[in-house]
$ cat final-v6.txt   # compact mmCIF, C-alpha atoms
# COMPACT_ATOMS: atom_id res chain seq x y z
CA MET L 1 144.30 188.40 74.96
CA ARG L 2 142.59 186.93 78.02
CA HIS L 3 140.60 189.92 79.29
CA TRP L 4 139.82 188.26 82.62
CA ILE L 5 143.54 188.24 83.54
CA LEU L 6 144.57 191.70 84.68
CA ALA L 7 148.24 191.26 83.77
CA GLU L 8 147.30 190.38 80.18
CA THR L 9 144.60 192.95 79.46
CA ASN L 10 144.91 196.68 78.88
CA TYR L 11 143.62 199.88 80.41
CA GLY L 12 141.07 200.44 77.62
CA HIS L 13 139.36 197.16 78.43
CA VAL L 14 139.57 197.59 82.21
CA ARG L 15 138.22 201.15 81.98
CA ASP L 16 135.16 199.93 80.04
CA GLN L 17 134.52 196.82 82.16
CA ALA L 18 132.47 196.73 85.36
CA TYR L 19 133.93 193.79 87.25
CA ASP L 20 131.85 192.11 89.95
CA VAL L 21 134.48 189.87 91.47
CA ALA L 22 138.27 189.72 91.70
CA VAL L 23 140.26 186.53 92.21
CA LEU L 24 143.42 187.07 94.25
CA PRO L 25 145.75 184.06 93.91
CA LEU L 26 148.08 183.58 96.86
CA GLY L 27 151.23 181.50 96.50
CA ALA L 28 154.61 181.10 98.18
CA THR L 29 158.26 180.85 97.22
CA GLU L 30 159.86 177.93 99.02
CA PRO L 31 161.70 174.66 98.40
CA HIS L 32 159.54 171.71 97.41
CA ASN L 33 161.89 168.82 98.09
CA LEU L 34 164.54 168.14 95.44
CA HIS L 35 162.23 167.55 92.47
CA LEU L 36 159.92 170.59 92.31
CA PRO L 37 160.78 174.26 91.74
CA TYR L 38 160.57 176.97 94.37
CA GLY L 39 157.68 178.51 92.44
CA THR L 40 155.40 175.45 92.65
CA ASP L 41 152.76 177.21 94.78
CA ILE L 42 152.85 180.22 92.46
CA PHE L 43 152.46 178.08 89.33
CA GLU L 44 149.53 176.19 90.87
CA ALA L 45 147.81 179.40 91.96
CA ASP L 46 148.34 181.00 88.52
CA GLN L 47 146.95 178.04 86.60
CA ILE L 48 143.97 177.34 88.84
CA ALA L 49 143.01 181.04 88.96
CA ALA L 50 143.33 181.42 85.18
CA ARG L 51 141.16 178.36 84.52
CA VAL L 52 138.54 179.34 87.09
CA GLY L 53 138.53 182.88 85.72
CA GLU L 54 138.09 181.63 82.16
CA ALA L 55 135.23 179.31 83.11
CA ALA L 56 133.46 182.10 84.99
CA TRP L 57 134.07 184.60 82.16
CA ASN L 58 132.66 182.16 79.59
CA LEU L 59 129.53 181.80 81.74
CA GLY L 60 129.05 185.57 81.69
CA ALA L 61 130.62 186.50 85.02
CA ARG L 62 132.45 189.80 85.16
CA VAL L 63 135.59 188.47 86.83
CA VAL L 64 139.17 189.69 86.91
CA VAL L 65 142.09 187.53 88.02
CA LEU L 66 144.72 189.60 89.80
CA PRO L 67 148.45 188.80 89.68
CA THR L 68 149.48 186.10 92.13
CA ILE L 69 151.08 187.21 95.38
CA PRO L 70 154.34 185.24 95.07
CA PHE L 71 155.33 185.23 98.75
CA GLY L 72 153.68 183.64 101.76
CA THR L 73 154.27 182.73 105.36
CA GLN L 74 157.31 180.45 105.76
CA THR L 75 157.91 180.54 109.51
CA ASN L 76 158.69 176.81 109.57
CA GLN L 77 161.24 176.91 106.71
CA HIS L 78 163.77 179.48 107.92
CA ALA L 79 166.56 176.87 107.76
CA PHE L 80 166.17 176.52 103.99
CA PRO L 81 167.93 179.04 101.73
CA LEU L 82 165.69 181.51 99.92
CA ALA L 83 162.44 180.35 101.49
CA MET L 84 160.91 183.81 101.15
CA ASN L 85 158.89 184.69 104.25
CA LEU L 86 156.17 187.22 104.91
CA TYR L 87 155.20 187.16 108.57
CA PRO L 88 151.45 186.71 109.12
CA SER L 89 151.02 190.37 110.08
CA THR L 90 152.79 191.48 106.88
CA LEU L 91 150.73 189.15 104.71
CA CYS L 92 147.58 190.49 106.40
CA ARG L 93 148.63 194.05 105.56
CA VAL L 94 149.40 193.15 101.92
CA ILE L 95 146.02 191.46 101.48
CA SER L 96 144.22 194.34 103.23
CA ASP L 97 145.90 196.90 100.97
CA LEU L 98 145.04 194.93 97.83
CA VAL L 99 141.42 194.53 98.94
CA GLU L 100 141.29 198.31 99.41
CA SER L 101 142.64 198.79 95.86
CA VAL L 102 140.01 196.42 94.49
CA HIS L 103 137.29 198.30 96.37
CA ARG L 104 138.46 201.63 94.92
CA ALA L 105 138.00 200.03 91.48
CA GLY L 106 134.35 199.34 92.31
CA ILE L 107 134.65 195.61 92.96
CA SER L 108 132.72 194.34 95.97
CA LYS L 109 133.72 190.65 96.04
CA VAL L 110 137.16 189.06 96.31
CA LEU L 111 137.96 185.36 96.19
CA ILE L 112 141.34 184.61 97.73
CA LEU L 113 142.64 181.45 96.06
CA ASN L 114 145.31 180.13 98.40
CA SER L 115 147.90 177.65 97.18
CA HIS L 116 150.13 177.34 100.28
CA GLY L 117 149.38 175.61 103.57
CA GLY L 118 151.39 178.12 105.60
CA ASN L 119 149.16 181.00 104.52
CA GLU L 120 146.70 180.85 107.39
CA ILE L 121 144.70 183.99 106.66
CA LYS L 122 141.44 183.44 108.54
CA SER L 123 142.47 186.11 111.05
CA THR L 124 142.88 188.54 108.13
CA LEU L 125 139.38 187.75 106.96
CA ARG L 126 138.07 188.33 110.48
CA GLU L 127 139.73 191.76 110.54
CA LEU L 128 138.11 192.72 107.23
CA VAL L 129 134.65 191.29 107.90
CA GLY L 130 131.92 193.89 107.82
CA GLY L 131 133.85 196.06 105.39
CA PRO L 132 132.65 197.10 101.95
CA VAL L 133 134.16 194.04 100.23
CA HIS L 134 132.84 190.50 100.68
CA LEU L 135 135.76 188.10 101.03
CA PHE L 136 135.82 184.41 100.21
CA LEU L 137 138.67 181.97 100.83
CA CYS L 138 139.47 178.80 98.89
CA ASP L 139 142.42 176.67 99.97
CA TRP L 140 142.29 174.51 96.82
CA PHE L 141 144.43 171.73 98.33
CA ARG L 142 141.98 171.34 101.22
CA SER L 143 138.92 171.25 98.97
CA ILE L 144 139.70 167.92 97.31
CA SER L 145 137.97 165.22 99.35
CA ALA L 146 139.86 162.14 100.53
CA ASP L 147 137.82 159.83 98.30
CA VAL L 148 138.61 161.90 95.19
CA GLN L 149 142.28 161.99 96.19
CA ALA L 150 142.26 158.20 96.58
CA GLU L 151 140.80 157.88 93.08
CA LEU L 152 143.46 160.08 91.52
CA PHE L 153 146.62 159.35 93.48
CA THR L 154 148.42 156.35 94.96
CA ASP L 155 149.85 158.49 97.76
CA PRO L 156 148.61 162.11 97.59
CA GLY L 157 150.85 163.31 100.41
CA ASP L 158 150.97 166.99 101.12
CA HIS L 159 153.94 169.30 100.60
CA ALA L 160 155.77 168.18 97.42
CA GLY L 161 153.82 164.92 97.46
CA GLU L 162 152.15 163.18 94.54
CA MET L 163 149.14 165.53 94.44
CA GLU L 164 151.31 168.64 94.31
CA THR L 165 153.75 167.04 91.88
$ encode --input "final-v6.txt" --output "structure tokens"
Amino acid sequence: MRHWILAETNYGHVRDQAYDVAVLPLGATEPHNLHLPYGTDIFEADQIAARVGEAAWNLGARVVVLPTIPFGTQTNQHAFPLAMNLYPSTLCRVISDLVESVHRAGISKVLILNSHGGNEIKSTLRELVGGPVHLFLCDWFRSISADVQAELFTDPGDHAGEMET
């Protein structure tokens, strides 16, 4: 059992643990060309969050990885079937409600690990600034420098490109 992953642990462990930080993975459900599944952004968010959570846990951090939000903002993909959209105001409300739940559990820091370019949530962070929870945002796909991308990929691309594939 990976105790840092909320969906895999149990109430007995959570009740006895004083978490300092929660990781909230944020994905999307949308087409990724013809070769990748609709859940690509979810799978990436799940895996990155789990690995980051494990590394932090093994270093002694009291971290909990929340379940990935599987839907994001798809306002530019309405023409594609089953591109599941949450309008920015809805996504803001979902994140705000989850941050409130985390706060009620005694957690004062939340890292939002975003895995979808359409999830522009800086305005959400601005609305929540000054509240009881410190929020941090990581768009993992924007945090890999161009020189590292050039080392790893022939043509990194962006949506459904080599890096995401």
$ residues_near_point --input "final-v6.txt" --point "(142.3, 188.0, 109.5)" --cutoff "12 Å" --atoms "only C-alpha atoms" --output "number ranges by chain"
L: 88-96, 119-129, 135-137
$ closest_residue --input "final-v6.txt" --among "L:Leu111, L:Leu36, L:Ile5, L:Leu24" --to "Gly53 of chain L" --atoms "all atoms listed in the file"
L:Ile5
$ atom_distance --input "final-v6.txt" --atom1 "atom CA of Thr29 of chain L" --atom2 "atom CA of Phe71 of chain L"
5.5 Å
$ atom_distance --input "final-v6.txt" --atom1 "atom CA of Thr73 of chain L" --atom2 "atom CA of Val133 of chain L"
23.6 Å
$ residues_around --input "final-v6.txt" --residues "Tyr19 of chain L" --least-positions-apart "6" --cutoff "7 Å" --atoms "only C-alpha atoms" --output "list in words"
Arg62, Val63, Val64 and Ile107 of chain L
$ residues_around --input "final-v6.txt" --residues "Leu6 of chain L" --least-positions-apart "3" --cutoff "8 Å" --atoms "all atoms listed in the file" --output "list of chain:residue names"
L:His3, L:Thr9, L:Asn10, L:Val64, L:Val65, L:Leu66, L:Pro67
$ residues_near_point --input "final-v6.txt" --point "(147.7, 176.7, 95.6)" --cutoff "6 Å" --atoms "only C-alpha atoms" --output "list of chain:residue names"
L:Asp41, L:Glu44, L:Ala45, L:Asn114, L:Ser115, L:His116, L:Trp140
$ atom_distance --input "final-v6.txt" --atom1 "atom CA of Ile112 of chain L" --atom2 "atom CA of Ala49 of chain L"
9.6 Å
$ closest_residue --input "final-v6.txt" --among "L:Gly118, L:Gly60, L:Gly106, L:Pro70" --to "Tyr87 of chain L" --atoms "all atoms listed in the file"
L:Gly118
$ closest_residue --input "final-v6.txt" --among "L:Leu82, L:Met1, L:Val99, L:Ala105" --to "Val23 of chain L" --atoms "only C-alpha atoms"
L:Val99
$ build_atoms --input "final-v6.txt" --residues "segment 82-112 of chain L" --atoms "N, CA and C atoms" --output "short mmCIF file (atom, residue, chain, number, x, y, z; two decimals), keeping the file's coordinate frame"
data_model
loop_
_atom_site.label_atom_id
_atom_site.label_comp_id
_atom_site.auth_asym_id
_atom_site.auth_seq_id
_atom_site.Cartn_x
_atom_site.Cartn_y
_atom_site.Cartn_z
N LEU L 82 166.61 180.81 100.81
CA LEU L 82 165.69 181.51 99.92
C LEU L 82 164.23 181.07 100.04
N ALA L 83 163.87 180.54 101.19
CA ALA L 83 162.44 180.35 101.49
C ALA L 83 161.96 181.74 101.89
N MET L 84 161.25 182.39 101.00
CA MET L 84 160.91 183.81 101.15
C MET L 84 159.70 183.97 102.07
N ASN L 85 159.91 184.60 103.21
CA ASN L 85 158.89 184.69 104.25
C ASN L 85 158.24 186.07 104.33
N LEU L 86 156.92 186.06 104.45
CA LEU L 86 156.17 187.22 104.91
C LEU L 86 155.54 186.79 106.23
N TYR L 87 155.83 187.49 107.30
CA TYR L 87 155.20 187.16 108.57
C TYR L 87 153.69 187.34 108.44
N PRO L 88 152.91 186.62 109.24
CA PRO L 88 151.45 186.71 109.12
C PRO L 88 150.93 188.14 109.16
N SER L 89 151.50 188.98 110.01
CA SER L 89 151.02 190.37 110.08
C SER L 89 151.32 191.13 108.79
N THR L 90 152.44 190.84 108.15
CA THR L 90 152.79 191.48 106.88
C THR L 90 151.85 191.01 105.78
N LEU L 91 151.63 189.70 105.72
CA LEU L 91 150.73 189.15 104.71
C LEU L 91 149.32 189.73 104.88
N CYS L 92 148.88 189.87 106.12
CA CYS L 92 147.58 190.49 106.40
C CYS L 92 147.53 191.90 105.85
N ARG L 93 148.59 192.66 106.04
CA ARG L 93 148.63 194.05 105.56
C ARG L 93 148.61 194.10 104.03
N VAL L 94 149.37 193.20 103.39
CA VAL L 94 149.40 193.15 101.92
C VAL L 94 148.00 192.85 101.39
N ILE L 95 147.36 191.83 101.94
CA ILE L 95 146.02 191.46 101.48
C ILE L 95 145.05 192.61 101.73
N SER L 96 145.12 193.22 102.90
CA SER L 96 144.22 194.34 103.23
C SER L 96 144.40 195.49 102.24
N ASP L 97 145.64 195.81 101.92
CA ASP L 97 145.90 196.90 100.97
C ASP L 97 145.37 196.57 99.58
N LEU L 98 145.54 195.32 99.15
CA LEU L 98 145.04 194.93 97.83
C LEU L 98 143.52 194.93 97.79
N VAL L 99 142.89 194.49 98.87
CA VAL L 99 141.42 194.53 98.94
C VAL L 99 140.94 195.98 98.84
N GLU L 100 141.65 196.89 99.50
CA GLU L 100 141.29 198.31 99.41
C GLU L 100 141.42 198.81 97.96
N SER L 101 142.46 198.40 97.26
CA SER L 101 142.64 198.79 95.86
C SER L 101 141.50 198.27 94.99
N VAL L 102 141.11 197.03 95.23
CA VAL L 102 140.01 196.42 94.49
C VAL L 102 138.71 197.19 94.76
N HIS L 103 138.49 197.55 96.01
CA HIS L 103 137.29 198.30 96.37
C HIS L 103 137.25 199.66 95.66
N ARG L 104 138.40 200.34 95.61
CA ARG L 104 138.46 201.63 94.92
C ARG L 104 138.12 201.48 93.43
N ALA L 105 138.33 200.29 92.89
CA ALA L 105 138.00 200.03 91.48
C ALA L 105 136.53 199.65 91.30
N GLY L 106 135.78 199.63 92.40
CA GLY L 106 134.35 199.34 92.31
C GLY L 106 133.98 197.88 92.42
N ILE L 107 134.91 197.05 92.83
CA ILE L 107 134.65 195.61 92.96
C ILE L 107 134.30 195.31 94.41
N SER L 108 133.21 194.57 94.61
CA SER L 108 132.72 194.34 95.97
C SER L 108 132.90 192.91 96.46
N LYS L 109 133.49 192.04 95.62
CA LYS L 109 133.72 190.65 96.04
C LYS L 109 135.13 190.23 95.65
N VAL L 110 135.82 189.56 96.58
CA VAL L 110 137.16 189.06 96.31
C VAL L 110 137.23 187.60 96.77
N LEU L 111 137.67 186.75 95.86
CA LEU L 111 137.96 185.36 96.19
C LEU L 111 139.47 185.23 96.33
N ILE L 112 139.92 184.87 97.51
CA ILE L 112 141.34 184.61 97.73
C ILE L 112 141.57 183.13 97.48
#
